[in-house]
Structures are given as C-alpha cells and as structure tokens.
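Note: the block below is input-v2.pdb and it holds PDB, C-alpha atoms, pLDDT in the B column.
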```pdb
ATOM      1  CA  VAL N1218      79.240  84.306  96.679  1.00 94.00           C
ATOM      2  CA  GLN N1219      79.095  87.396  94.483  1.00 94.00           C
ATOM      3  CA  LEU N1220      77.568  90.010  96.780  1.00 94.00           C
ATOM      4  CA  ILE N1221      76.573  90.296 100.437  1.00 95.00           C
ATOM      5  CA  ASP N1222      74.111  92.938 101.627  1.00 94.00           C
ATOM      6  CA  THR N1223      75.734  93.599 104.995  1.00 92.00           C
ATOM      7  CA  ARG N1224      73.333  96.450 105.770  1.00 92.00           C
ATOM      8  CA  ALA N1225      70.317  94.148 105.470  1.00 94.00           C
ATOM      9  CA  ILE N1226      72.057  91.582 107.669  1.00 95.00           C
ATOM     10  CA  MET N1227      72.843  94.233 110.302  1.00 94.00           C
ATOM     11  CA  GLU N1228      69.241  95.433 110.296  1.00 93.00           C
ATOM     12  CA  MET N1229      67.903  91.896 110.671  1.00 94.00           C
ATOM     13  CA  ALA N1230      70.268  91.176 113.556  1.00 93.00           C
ATOM     14  CA  GLY N1231      69.126  94.347 115.326  1.00 92.00           C
ATOM     15  CA  ASP N1232      65.429  93.699 114.711  1.00 91.00           C
ATOM     16  CA  ARG N1233      65.656  90.148 116.054  1.00 92.00           C
ATOM     17  CA  GLY N1234      68.100  90.887 118.869  1.00 91.00           C
ATOM     18  CA  THR N1235      70.615  88.316 117.703  1.00 93.00           C
ATOM     19  CA  ILE N1236      74.264  88.036 116.672  1.00 94.00           C
ATOM     20  CA  LEU N1237      74.918  86.774 113.154  1.00 95.00           C
ATOM     21  CA  ARG N1238      78.239  85.219 112.173  1.00 95.00           C
ATOM     22  CA  LEU N1239      79.045  85.217 108.452  1.00 95.00           C
ATOM     23  CA  GLN N1240      80.542  81.918 107.310  1.00 94.00           C
ATOM     24  CA  TYR N1241      81.613  83.183 103.893  1.00 93.00           C
ATOM     25  CA  GLN N1242      82.766  86.365 102.210  1.00 93.00           C
ATOM     26  CA  ALA N1243      82.373  87.611  98.651  1.00 93.00           C
ATOM     27  CA  GLY N1244      84.402  85.408  96.343  1.00 92.00           C
ATOM     28  CA  ASP N1245      84.125  82.226  98.408  1.00 94.00           C
ATOM     29  CA  PHE N1246      82.816  79.035  96.819  1.00 95.00           C
ATOM     30  CA  VAL N1247      79.542  77.669  98.198  1.00 94.00           C
ATOM     31  CA  HIS N1248      77.280  74.823  97.170  1.00 93.00           C
ATOM     32  CA  ARG N1249      73.774  73.629  97.874  1.00 91.00           C
ATOM     33  CA  GLY N1250      73.467  73.029 101.603  1.00 90.00           C
ATOM     34  CA  SER N1251      76.257  75.439 102.610  1.00 93.00           C
ATOM     35  CA  VAL N1252      75.527  77.304 105.834  1.00 93.00           C
ATOM     36  CA  LEU N1253      75.821  80.990 104.947  1.00 93.00           C
ATOM     37  CA  LEU N1254      75.623  82.305 108.504  1.00 93.00           C
ATOM     38  CA  GLU N1255      74.978  81.262 112.085  1.00 93.00           C
ATOM     39  CA  ALA N1256      72.693  82.993 114.580  1.00 92.00           C
ATOM     40  CA  SER N1257      73.052  83.262 118.329  1.00 91.00           C
ATOM     41  CA  PRO N1258      70.553  82.543 119.730  1.00 91.00           C
ATOM     42  CA  PRO N1259      69.230  80.536 116.743  1.00 88.00           C
ATOM     43  CA  GLU N1260      65.617  80.642 117.966  1.00 88.00           C
ATOM     44  CA  ALA N1261      65.571  84.392 117.323  1.00 88.00           C
ATOM     45  CA  LEU N1262      65.091  83.684 113.604  1.00 89.00           C
ATOM     46  CA  ASP N1263      61.875  82.379 112.094  1.00 90.00           C
ATOM     47  CA  ASP N1264      61.270  81.204 108.530  1.00 90.00           C
ATOM     48  CA  ASP N1265      60.578  84.725 107.302  1.00 92.00           C
ATOM     49  CA  ALA N1266      63.815  86.061 108.772  1.00 92.00           C
ATOM     50  CA  GLU N1267      65.802  83.172 107.307  1.00 91.00           C
ATOM     51  CA  ALA N1268      64.348  83.835 103.859  1.00 92.00           C
ATOM     52  CA  LYS N1269      65.288  87.510 104.039  1.00 93.00           C
ATOM     53  CA  LEU N1270      68.794  86.645 105.145  1.00 94.00           C
ATOM     54  CA  ARG N1271      69.198  84.259 102.219  1.00 93.00           C
ATOM     55  CA  ASP N1272      68.148  87.108  99.926  1.00 94.00           C
ATOM     56  CA  ALA N1273      71.024  89.168 101.343  1.00 95.00           C
ATOM     57  CA  PHE N1274      73.437  86.869  99.482  1.00 96.00           C
ATOM     58  CA  ALA N1275      73.841  86.987  95.696  1.00 95.00           C
ATOM     59  CA  ILE N1276      75.087  83.609  94.486  1.00 94.00           C
ATOM     60  CA  GLY N1277      76.370  83.059  90.965  1.00 93.00           C
ATOM     61  CA  ALA N1278      78.564  80.825  88.849  1.00 92.00           C
ATOM     62  CA  ARG N1279      81.384  83.346  88.516  1.00 91.00           C
ATOM     63  CA  ARG N1280      83.288  85.668  90.801  1.00 90.00           C
ATOM     64  CA  THR N1281      82.840  89.418  90.422  1.00 88.00           C
ATOM     65  CA  ALA N1282      84.993  92.371  91.411  1.00 86.00           C
ATOM     66  CA  LEU N1283      82.257  94.409  93.097  1.00 86.00           C
ATOM     67  CA  GLN N1284      83.048  93.217  96.629  1.00 87.00           C
ATOM     68  CA  ASP N1285      85.854  90.768  95.949  1.00 88.00           C
ATOM     69  CA  LEU N1286      89.248  92.474  95.874  1.00 86.00           C
ATOM     70  CA  ARG N1287      90.862  89.053  96.031  1.00 90.00           C
ATOM     71  CA  PHE N1288      89.393  88.266  92.615  1.00 91.00           C
ATOM     72  CA  LEU N1289      91.202  91.199  91.008  1.00 89.00           C
ATOM     73  CA  ILE N1290      94.452  90.223  92.685  1.00 90.00           C
ATOM     74  CA  ASP N1291      94.096  86.590  91.615  1.00 91.00           C
ATOM     75  CA  GLU N1292      93.463  87.651  88.010  1.00 91.00           C
ATOM     76  CA  LEU N1293      96.622  89.770  87.930  1.00 90.00           C
ATOM     77  CA  VAL N1294      98.686  86.989  89.486  1.00 91.00           C
ATOM     78  CA  GLU N1295      97.406  84.546  86.869  1.00 91.00           C
ATOM     79  CA  ILE N1296      98.269  86.919  84.009  1.00 91.00           C
ATOM     80  CA  ALA N1297     101.737  87.543  85.455  1.00 90.00           C
ATOM     81  CA  ALA N1298     102.350  83.804  85.842  1.00 89.00           C
ATOM     82  CA  ARG N1299     101.460  83.206  82.212  1.00 90.00           C
ATOM     83  CA  ALA N1300     103.531  86.167  81.048  1.00 90.00           C
ATOM     84  CA  LEU N1301     106.611  84.831  82.846  1.00 87.00           C
ATOM     85  CA  SER N1302     106.174  81.261  81.635  1.00 87.00           C
ATOM     86  CA  PRO N1303     108.953  79.984  79.335  1.00 83.00           C
ATOM     87  CA  GLY N1304     106.572  79.744  76.407  1.00 83.00           C
ATOM     88  CA  VAL N1305     105.560  83.417  76.618  1.00 86.00           C
ATOM     89  CA  ASN N1306     108.472  85.221  78.304  1.00 81.00           C
ATOM     90  CA  ASP N1307     106.828  88.657  78.486  1.00 86.00           C
ATOM     91  CA  PRO N1308     108.230  90.375  81.598  1.00 83.00           C
ATOM     92  CA  PHE N1309     106.796  93.756  80.609  1.00 86.00           C
ATOM     93  CA  THR N1310     103.242  92.447  80.888  1.00 89.00           C
ATOM     94  CA  ALA N1311     104.231  90.878  84.189  1.00 90.00           C
ATOM     95  CA  ASN N1312     105.538  94.243  85.372  1.00 90.00           C
ATOM     96  CA  SER N1313     102.147  95.818  84.744  1.00 89.00           C
ATOM     97  CA  CYS N1314     100.542  93.033  86.760  1.00 89.00           C
ATOM     98  CA  ILE N1315     102.907  93.854  89.618  1.00 92.00           C
ATOM     99  CA  ASP N1316     102.316  97.616  89.406  1.00 91.00           C
ATOM    100  CA  TRP N1317      98.546  97.473  89.864  1.00 90.00           C
ATOM    101  CA  PRO N1318      98.361  95.480  93.126  1.00 89.00           C
ATOM    102  CA  GLY N1319     101.328  97.521  94.327  1.00 91.00           C
ATOM    103  CA  ALA N1320      99.378 100.737  93.746  1.00 91.00           C
ATOM    104  CA  ALA N1321      96.282  99.303  95.429  1.00 89.00           C
ATOM    105  CA  LEU N1322      98.243  98.157  98.475  1.00 92.00           C
ATOM    106  CA  ALA N1323     100.054 101.492  98.713  1.00 91.00           C
ATOM    107  CA  ASP N1324      96.635 103.118  99.043  1.00 90.00           C
ATOM    108  CA  LEU N1325      95.406 100.408 101.412  1.00 90.00           C
ATOM    109  CA  ALA N1326      98.456 100.916 103.638  1.00 90.00           C
ATOM    110  CA  ARG N1327      97.128 104.373 104.573  1.00 88.00           C
ATOM    111  CA  ARG N1328      93.643 103.161 105.433  1.00 88.00           C
ATOM    112  CA  ASP N1329      92.026 101.696 108.535  1.00 88.00           C
ATOM    113  CA  LEU N1330      90.468  98.364 107.655  1.00 89.00           C
ATOM    114  CA  PRO N1331      87.021  97.501 109.040  1.00 88.00           C
ATOM    115  CA  SER N1332      86.780  95.360 112.130  1.00 90.00           C
ATOM    116  CA  ARG N1333      85.228  91.930 111.827  1.00 92.00           C
ATOM    117  CA  LEU N1334      83.067  92.843 114.834  1.00 93.00           C
ATOM    118  CA  ARG N1335      80.169  95.026 113.650  1.00 93.00           C
ATOM    119  CA  ALA N1336      78.075  96.827 116.273  1.00 92.00           C
ATOM    120  CA  ASP N1337      74.836  98.787 115.960  1.00 89.00           C
ATOM    121  CA  GLU N1338      74.321 102.443 116.943  1.00 89.00           C
ATOM    122  CA  ASP N1339      73.978 101.437 120.593  1.00 89.00           C
ATOM    123  CA  GLY N1340      77.321  99.649 120.529  1.00 91.00           C
ATOM    124  CA  THR N1341      75.781  96.174 120.697  1.00 93.00           C
ATOM    125  CA  LEU N1342      77.574  93.492 118.726  1.00 94.00           C
ATOM    126  CA  ARG N1343      75.357  92.336 115.863  1.00 94.00           C
ATOM    127  CA  VAL N1344      77.507  90.817 113.103  1.00 95.00           C
ATOM    128  CA  ILE N1345      80.789  88.902 113.081  1.00 95.00           C
ATOM    129  CA  ALA N1346      82.308  89.054 109.616  1.00 93.00           C
ATOM    130  CA  HIS N1347      85.439  87.528 108.152  1.00 89.00           C
ATOM    131  CA  PRO N1348      88.617  89.340 109.211  1.00 88.00           C
ATOM    132  CA  VAL N1349      90.152  91.631 106.606  1.00 89.00           C
ATOM    133  CA  SER N1350      93.840  92.308 107.110  1.00 91.00           C
ATOM    134  CA  PHE N1351      96.632  94.156 105.365  1.00 93.00           C
ATOM    135  CA  ALA N1352      98.842  91.082 105.758  1.00 93.00           C
ATOM    136  CA  GLY N1353      96.241  88.956 104.014  1.00 93.00           C
ATOM    137  CA  PHE N1354      96.095  91.213 100.968  1.00 93.00           C
ATOM    138  CA  VAL N1355      99.884  91.506 100.783  1.00 93.00           C
ATOM    139  CA  ASP N1356     100.268  87.743 100.896  1.00 93.00           C
ATOM    140  CA  ARG N1357      97.529  87.295  98.303  1.00 92.00           C
ATOM    141  CA  ALA N1358      99.318  89.617  95.893  1.00 92.00           C
ATOM    142  CA  PHE N1359     103.056  89.616  96.556  1.00 92.00           C
ATOM    143  CA  GLY N1360     103.162  86.215  98.205  1.00 90.00           C
ATOM    144  CA  ALA N1361     101.655  84.635  95.108  1.00 89.00           C
ATOM    145  CA  LEU N1362     103.692  86.729  92.654  1.00 90.00           C
ATOM    146  CA  ALA N1363     107.030  86.073  94.342  1.00 89.00           C
ATOM    147  CA  GLN N1364     107.565  82.578  92.966  1.00 87.00           C
ATOM    148  CA  TYR N1365     107.264  83.904  89.409  1.00 87.00           C
ATOM    149  CA  ALA N1366     109.034  87.253  89.766  1.00 88.00           C
ATOM    150  CA  SER N1367     111.989  85.739  91.642  1.00 86.00           C
ATOM    151  CA  ALA N1368     113.049  83.852  88.508  1.00 84.00           C
ATOM    152  CA  ASP N1369     113.146  86.904  86.234  1.00 85.00           C
ATOM    153  CA  ALA N1370     115.503  89.849  86.704  1.00 85.00           C
ATOM    154  CA  LEU N1371     113.180  92.508  85.228  1.00 86.00           C
ATOM    155  CA  ALA N1372     110.097  91.312  87.084  1.00 89.00           C
ATOM    156  CA  GLY N1373     112.115  90.832  90.255  1.00 88.00           C
ATOM    157  CA  LYS N1374     113.326  94.422  90.188  1.00 89.00           C
ATOM    158  CA  ARG N1375     109.782  95.689  89.690  1.00 91.00           C
ATOM    159  CA  PHE N1376     108.546  93.413  92.490  1.00 92.00           C
ATOM    160  CA  ILE N1377     110.979  94.911  95.000  1.00 91.00           C
ATOM    161  CA  ALA N1378     110.285  98.455  93.794  1.00 91.00           C
ATOM    162  CA  ALA N1379     106.555  97.879  94.318  1.00 92.00           C
ATOM    163  CA  LEU N1380     107.171  96.628  97.853  1.00 91.00           C
ATOM    164  CA  GLY N1381     109.203  99.758  98.542  1.00 90.00           C
ATOM    165  CA  ASP N1382     106.400 101.990  97.259  1.00 91.00           C
ATOM    166  CA  VAL N1383     103.929 100.267  99.556  1.00 92.00           C
ATOM    167  CA  ALA N1384     106.314 100.677 102.491  1.00 91.00           C
ATOM    168  CA  LEU N1385     106.512 104.435 101.952  1.00 88.00           C
ATOM    169  CA  GLY N1386     102.779 104.707 102.637  1.00 80.00           C
ATOM    170  CA  CYS N1387     102.801 102.616 105.823  1.00 85.00           C
ATOM    171  CA  ASP N1388     102.207 104.179 109.232  1.00 81.00           C
ATOM    172  CA  ALA N1389     102.002 100.998 111.310  1.00 88.00           C
ATOM    173  CA  PRO N1390     105.185  99.145 112.316  1.00 91.00           C
ATOM    174  CA  ALA N1391     103.273  95.869 112.041  1.00 91.00           C
ATOM    175  CA  ARG N1392     102.536  96.517 108.381  1.00 92.00           C
ATOM    176  CA  LEU N1393     106.164  97.351 107.711  1.00 92.00           C
ATOM    177  CA  GLY N1394     107.014  94.045 109.352  1.00 92.00           C
ATOM    178  CA  VAL N1395     104.738  92.269 106.890  1.00 93.00           C
ATOM    179  CA  LEU N1396     106.589  93.883 103.982  1.00 92.00           C
ATOM    180  CA  ARG N1397     109.951  92.926 105.478  1.00 91.00           C
ATOM    181  CA  GLY N1398     108.758  89.344 105.675  1.00 92.00           C
ATOM    182  CA  GLN N1399     107.764  89.395 102.016  1.00 91.00           C
ATOM    183  CA  THR N1400     111.143  90.850 101.085  1.00 91.00           C
ATOM    184  CA  ARG N1401     113.014  88.124 102.969  1.00 90.00           C
ATOM    185  CA  ALA N1402     110.850  85.442 101.373  1.00 90.00           C
ATOM    186  CA  PHE N1403     111.554  86.899  97.945  1.00 90.00           C
ATOM    187  CA  ARG N1404     115.299  86.898  98.634  1.00 88.00           C
ATOM    188  CA  ASP N1405     115.152  83.227  99.586  1.00 87.00           C
ATOM    189  CA  LEU N1406     113.239  82.371  96.409  1.00 86.00           C
ATOM    190  CA  ALA N1407     115.619  84.373  94.237  1.00 83.00           C
ATOM    191  CA  ASP N1408     118.653  82.697  95.766  1.00 82.00           C
ATOM    192  CA  ARG N1409     117.133  79.335  94.832  1.00 79.00           C
ATOM    193  CA  ALA N1410     116.190  80.450  91.309  1.00 68.00           C
ATOM    194  CA  PRO N1411     117.138  77.915  88.609  1.00 62.00           C
ATOM    195  CA  VAL N1412     120.345  78.437  86.697  1.00 49.00           C
ATOM    196  CA  VAL N1413     119.875  79.329  83.035  1.00 48.00           C
ATOM    197  CA  GLU N1414     122.553  77.811  80.828  1.00 46.00           C
ATOM    198  CA  GLU N1415     123.196  79.656  77.588  1.00 44.00           C
ATOM    199  CA  ALA N1416     123.521  77.552  74.471  1.00 46.00           C
ATOM    200  CA  GLY N1417     127.161  77.191  73.485  1.00 49.00           C
ATOM    201  CA  ALA N1418     128.410  78.974  76.593  1.00 45.00           C
ATOM    202  CA  ASP N1419     131.979  78.351  77.621  1.00 49.00           C
ATOM    203  CA  PRO N1420     131.895  76.528  80.981  1.00 43.00           C
ATOM    204  CA  ARG N1421     134.986  78.535  81.979  1.00 43.00           C
ATOM    205  CA  ASP N1422     133.016  81.781  81.554  1.00 41.00           C
ATOM    206  CA  VAL N1423     132.232  83.076  85.048  1.00 36.00           C
ATOM    207  CA  HIS N1424     129.088  84.772  83.722  1.00 37.00           C
ATOM    208  CA  ALA N1425     127.665  81.632  82.146  1.00 38.00           C
ATOM    209  CA  GLY N1426     124.878  79.876  84.004  1.00 39.00           C
ATOM    210  CA  GLN N1427     124.110  82.644  86.479  1.00 39.00           C
ATOM    211  CA  PRO N1428     120.747  82.445  88.257  1.00 41.00           C
ATOM    212  CA  VAL N1429     118.146  84.594  86.543  1.00 41.00           C
ATOM    213  CA  ALA N1430     117.456  86.681  89.620  1.00 39.00           C
ATOM    214  CA  GLY N1431     119.647  85.126  92.230  1.00 40.00           C
ATOM    215  CA  GLY N1432     122.976  85.835  93.836  1.00 41.00           C
ATOM    216  CA  TYR N1433     124.214  89.379  93.940  1.00 36.00           C
ATOM    217  CA  VAL N1434     121.248  90.638  91.898  1.00 42.00           C
ATOM    218  CA  ALA N1435     118.813  89.490  94.576  1.00 43.00           C
ATOM    219  CA  THR N1436     121.049  91.031  97.228  1.00 42.00           C
ATOM    220  CA  LEU N1437     120.889  94.389  95.482  1.00 42.00           C
ATOM    221  CA  PHE N1438     117.110  94.136  95.213  1.00 46.00           C
ATOM    222  CA  LEU N1439     116.890  93.301  98.896  1.00 47.00           C
ATOM    223  CA  ALA N1440     119.073  96.264  99.826  1.00 44.00           C
ATOM    224  CA  ALA N1441     116.877  98.612  97.794  1.00 46.00           C
ATOM    225  CA  ALA N1442     113.768  97.385  99.578  1.00 46.00           C
ATOM    226  CA  TYR N1443     115.330  97.837 103.013  1.00 46.00           C
ATOM    227  CA  VAL N1444     116.350 101.384 102.076  1.00 43.00           C
ATOM    228  CA  ALA N1445     112.749 102.207 101.154  1.00 46.00           C
ATOM    229  CA  ILE N1446     111.402 100.597 104.316  1.00 47.00           C
ATOM    230  CA  GLY N1447     113.998 102.384 106.432  1.00 46.00           C
ATOM    231  CA  LEU N1448     113.078 105.726 104.909  1.00 42.00           C
ATOM    232  CA  ALA N1449     109.437 105.057 105.643  1.00 45.00           C
ATOM    233  CA  MET N1450     110.171 104.315 109.297  1.00 44.00           C
ATOM    234  CA  SER N1451     112.447 107.314 109.770  1.00 38.00           C
ATOM    235  CA  ALA N1452     109.864 109.636 108.263  1.00 43.00           C
ATOM    236  CA  ARG N1453     107.225 108.737 110.902  1.00 45.00           C
TER
END
```

For this file, write the structure as structure tokens.
Amino acid sequence: VQLIDTRAIMEMAGDRGTILRLQYQAGDFVHRGSVLLEASPPEALDDDAEAKLRDAFAIGARRTALQDLRFLIDELVEIAARALSPGVNDPFTANSCIDWPGAALADLARRDLPSRLRADEDGTLRVIAHPVSFAGFVDRAFGALAQYASADALAGKRFIAALGDVALGCDAPARLGVLRGQTRAFRDLADRAPVVEEAGADPRDVHAGQPVAGGYVATLFLAAAYVAIGLAMSAR
C-alpha cells in the first residue's frame, strides 16, 4: 500500500452512514484478494461505493515515503546495519543514520498523534484506522538500531545521545518511560556485546579483549541517558 486517501474514505463513510475499519496502513504488504477495509453495517455499501473505496488505495510494487514514515526508518536502520558490519566498519555513516531518526522523534515527542478513531463534524465515528503511537516509532527506530549500535563504542555513544535528545522534548511521562525502556534494553545488549580479541595481545593485559561497547563504557552511556531524562522531567 503506497497511499491511502483517508478524506475520500471519511466522506464515503459519512455519505453511506457506515463505519469503515482500515485493515492496512501505508507501507503494508497486500496481495490479490486482501481485504482492504471492513464496513459496519456491510449492506450500506453497494458496488459503486466499493469501487470508489478501492480507488482510495494506491497499490504498487515498492514502498514510498509519502505516507510511510516506517519506510524511512527502515531504510536508515538497514544502512546503519551495513555500515556497522565487520566487512564495512563505518561507524560515522552509522552515526548519521542514528541522528536522523533521533531528530524526527525529538520533533514527534512534542506532537499529539492522531487517534485511530476518526469522527465526522457531528462527532459520529466513521473510520477506525491503525493506531499510531510514539512507542511504536521509537521501537521501530531505536529498537532495531540497538543490536547494531550496542556492539560499537562510537555508534553506541551516539545512540544514547540521540535518546537523550528525544527525552528533552518529551512532555508525557509515558513517553519518557518508553525511552527509559529503550535505554535499559540497550544496556543489556551492550553488556552482552562480543569480546574483540586483538591480534597478538598479551592475555595478561587487562585491556585486551574488552567488549566493544560493554562493561563500564555501557554504564557510562546509561548514566548519561538517565541524566538527560532526569533533566527533562525536572524541567516540566
């Protein structure tokens, strides 16, 4: 699904006196025979109405960024994963991929997200859309990036800094709780990060074979994030 004309769907629901439930959102995969929406009561729609509702969906072979924020996030996560792979080892590109969703979520943290329940001007429920949540976007971005950033010290530091920036823009305690959860999850991943043995390292060297982003480094990152989150809460 590339685009959904929600205005046309709202108008059709009002004209026919029905409630329409969207089964998909922009970016979801559909195939021939997929049910795009459900109507209640179903007899309120005739063949003409069904044809117009089908025209409200633009279906294509590829995802687009026009209505699909998840697509942009997924692209950045994929680039970051490749940049942090052993064969590429480019943490600076990964840092850029962390900065952009961080900036987007910092802006999103100050916004009210639309309700999945869409009513007409009279207050009558007409459309039930997919829920859009701050937690969902955070998990899509930082939740997916964590497994890669936790194994690299530079990317890990940028990851925690980005979480702190998002926290500074949060007004809702629930959203701050989401960021705390991501920070704890990152700490756990970093503590389990694989040990990197240096070629020819002396096994008696206490610095040899330290986790890339684990141990005390992860603890420092975690402390920095909690400081940022604490400042955000105290400022409200």

Minimum-distance residue to N:Gln1219, chosen among N:Ala1256, N:Gly1231, N:Leu1406, N:Ala1282 (using all atoms listed in the file):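 Nearest to N:Gln1219: N:Ala1282.
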
The PyMOL selection byres ((chain N and resi 1311) around 7) applied to the shown file, residues as a list in words: Ala1297, Ala1300, Leu1301, Asp1307, Pro1308, Phe1309, Thr1310, Asn1312, Ser1313, Cys1314, Ile1315 and Ala1372 of chain N

Hits from the PyMOL selection byres ((chain N and resi 1234) around 10), listed as a PyMOL selection string: chain N and resi 1228-1233+1235-1237+1257-1258+1261-1262+1341-1343

Output file for the residues above (C-alpha atoms, as a tab-separated table (two decimals), in the frame of the given file):
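Resulting contents of result_33.tsv:
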```
chain	number	residue	atom	x	y	z
N	1228	GLU	CA	69.24	95.43	110.30
N	1229	MET	CA	67.90	91.90	110.67
N	1230	ALA	CA	70.27	91.18	113.56
N	1231	GLY	CA	69.13	94.35	115.33
N	1232	ASP	CA	65.43	93.70	114.71
N	1233	ARG	CA	65.66	90.15	116.05
N	1235	THR	CA	70.61	88.32	117.70
N	1236	ILE	CA	74.26	88.04	116.67
N	1237	LEU	CA	74.92	86.77	113.15
N	1257	SER	CA	73.05	83.26	118.33
N	1258	PRO	CA	70.55	82.54	119.73
N	1261	ALA	CA	65.57	84.39	117.32
N	1262	LEU	CA	65.09	83.68	113.60
N	1341	THR	CA	75.78	96.17	120.70
N	1342	LEU	CA	77.57	93.49	118.73
N	1343	ARG	CA	75.36	92.34	115.86
```

Of the listed residues N:Ala1358, N:Leu1254, N:Met1227, N:Ala1379, that which approaches N:Leu1289 most closely, counting only C-alpha atoms: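 Smallest distance to N:Leu1289 is found for N:Ala1358.
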
Emit as AutoDock Vina command-line options the padded axis-aligned box for all listed atoms of stretch 1289-1306 of chain N, 4 Å per side, with centre and edge lengths in Å to one decimal.
```
--center_x 100.1 --center_y 85.5 --center_z 84.5 --size_x 25.8 --size_y 19.5 --size_z 24.3
```

d(atom CA of N:Leu1270, atom CA of N:Pro1348) in Å: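 Atom-to-atom, atom CA of N:Leu1270 to atom CA of N:Pro1348, that is 20.4 Å.
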
Minimum-distance residue to N:Cys1387, chosen among N:Phe1351, N:Phe1359, N:Tyr1365, N:Phe1403 (using only C-alpha atoms): N:Phe1351

Residue list as a list of chain:residue names for point (70.4, 91.9, 97.7), cut-off 7 Å, all atoms listed in the file: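 Here the neighbourhood of the point contains N:Ile1221, N:Asp1222, N:Asp1272, N:Ala1273, N:Phe1274, N:Ala1275.
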
Residue neighbourhood stretch 1320-1335 of chain N, 7 Å, all atoms listed in the file, exclusion window fewer than 2 positions, as number ranges by chain: N: 1316-1318, 1337, 1342-1350, 1382-1383, 1386-1388

Closest of N:Ala1336, N:Phe1246, N:Arg1238, N:Arg1392 to N:Pro1259 - atom-to-atom distances counting all atoms listed in the file: N:Arg1238

Atomic distance atom CA of N:Gly1277 - atom CA of N:Val1218, expressed in Å with one decimal: 6.5 Å

Option closest in space to N:Ala1368, from N:Ala1298, N:Gln1399, N:Ala1384, N:Ala1352 [counting all atoms listed in the file]: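 Result for the nearest residue to N:Ala1368: N:Ala1298.
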
Nearest candidate to N:Ser1367 (options N:Ala1389, N:Ala1407, N:Val1395, N:Ile1226; using all atoms listed in the file):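 Ranking N:Ala1389, N:Ala1407, N:Val1395, N:Ile1226 by distance to N:Ser1367, first place goes to N:Ala1407.
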
Atomic distance atom CA of N:Phe1376 - atom CA of N:Leu1393, expressed in Å with one decimal: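 Going from atom CA of N:Phe1376 over to atom CA of N:Leu1393, I get 15.9 Å.
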
Model the absent atoms of stretch 1340-1351 of chain N so that N, CA, C and O atoms are present, and write the result as a PDB file, in the coordinates of the input.
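Okay, this is what ended up in part30.pdb:
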```
ATOM      1  N   GLY N1340      76.088 100.319 120.151  1.00 91.00           N
ATOM      2  CA  GLY N1340      77.321  99.649 120.529  1.00 91.00           C
ATOM      3  C   GLY N1340      77.173  98.174 120.805  1.00 91.00           C
ATOM      4  O   GLY N1340      78.103  97.542 121.312  1.00 91.00           O
ATOM      5  N   THR N1341      76.018  97.601 120.474  1.00 93.00           N
ATOM      6  CA  THR N1341      75.781  96.174 120.697  1.00 93.00           C
ATOM      7  C   THR N1341      76.281  95.367 119.513  1.00 93.00           C
ATOM      8  O   THR N1341      75.962  95.684 118.366  1.00 93.00           O
ATOM      9  N   LEU N1342      77.048  94.343 119.790  1.00 94.00           N
ATOM     10  CA  LEU N1342      77.574  93.492 118.726  1.00 94.00           C
ATOM     11  C   LEU N1342      76.426  92.811 117.999  1.00 94.00           C
ATOM     12  O   LEU N1342      75.564  92.190 118.611  1.00 94.00           O
ATOM     13  N   ARG N1343      76.433  92.926 116.663  1.00 94.00           N
ATOM     14  CA  ARG N1343      75.357  92.336 115.863  1.00 94.00           C
ATOM     15  C   ARG N1343      75.864  91.356 114.812  1.00 94.00           C
ATOM     16  O   ARG N1343      75.214  90.351 114.544  1.00 94.00           O
ATOM     17  N   VAL N1344      77.013  91.657 114.200  1.00 95.00           N
ATOM     18  CA  VAL N1344      77.507  90.817 113.103  1.00 95.00           C
ATOM     19  C   VAL N1344      78.991  90.544 113.310  1.00 95.00           C
ATOM     20  O   VAL N1344      79.759  91.440 113.676  1.00 95.00           O
ATOM     21  N   ILE N1345      79.381  89.295 113.078  1.00 95.00           N
ATOM     22  CA  ILE N1345      80.789  88.902 113.081  1.00 95.00           C
ATOM     23  C   ILE N1345      81.144  88.490 111.659  1.00 95.00           C
ATOM     24  O   ILE N1345      80.648  87.475 111.156  1.00 95.00           O
ATOM     25  N   ALA N1346      81.935  89.298 111.006  1.00 93.00           N
ATOM     26  CA  ALA N1346      82.308  89.054 109.616  1.00 93.00           C
ATOM     27  C   ALA N1346      83.680  88.393 109.545  1.00 93.00           C
ATOM     28  O   ALA N1346      84.352  88.185 110.563  1.00 93.00           O
ATOM     29  N   HIS N1347      84.100  88.066 108.341  1.00 89.00           N
ATOM     30  CA  HIS N1347      85.439  87.528 108.152  1.00 89.00           C
ATOM     31  C   HIS N1347      86.466  88.632 108.376  1.00 89.00           C
ATOM     32  O   HIS N1347      86.254  89.773 107.979  1.00 89.00           O
ATOM     33  N   PRO N1348      87.590  88.305 109.003  1.00 88.00           N
ATOM     34  CA  PRO N1348      88.617  89.340 109.211  1.00 88.00           C
ATOM     35  C   PRO N1348      89.243  89.773 107.897  1.00 88.00           C
ATOM     36  O   PRO N1348      89.489  88.953 107.014  1.00 88.00           O
ATOM     37  N   VAL N1349      89.477  91.066 107.776  1.00 89.00           N
ATOM     38  CA  VAL N1349      90.152  91.631 106.606  1.00 89.00           C
ATOM     39  C   VAL N1349      91.437  92.270 107.109  1.00 89.00           C
ATOM     40  O   VAL N1349      91.400  93.153 107.968  1.00 89.00           O
ATOM     41  N   SER N1350      92.565  91.824 106.598  1.00 91.00           N
ATOM     42  CA  SER N1350      93.840  92.308 107.110  1.00 91.00           C
ATOM     43  C   SER N1350      94.756  92.752 105.984  1.00 91.00           C
ATOM     44  O   SER N1350      94.693  92.240 104.861  1.00 91.00           O
ATOM     45  N   PHE N1351      95.618  93.701 106.312  1.00 93.00           N
ATOM     46  CA  PHE N1351      96.632  94.156 105.365  1.00 93.00           C
ATOM     47  C   PHE N1351      97.567  93.009 105.005  1.00 93.00           C
ATOM     48  O   PHE N1351      97.918  92.814 103.834  1.00 93.00           O
TER      49      PHE N1351
END
```
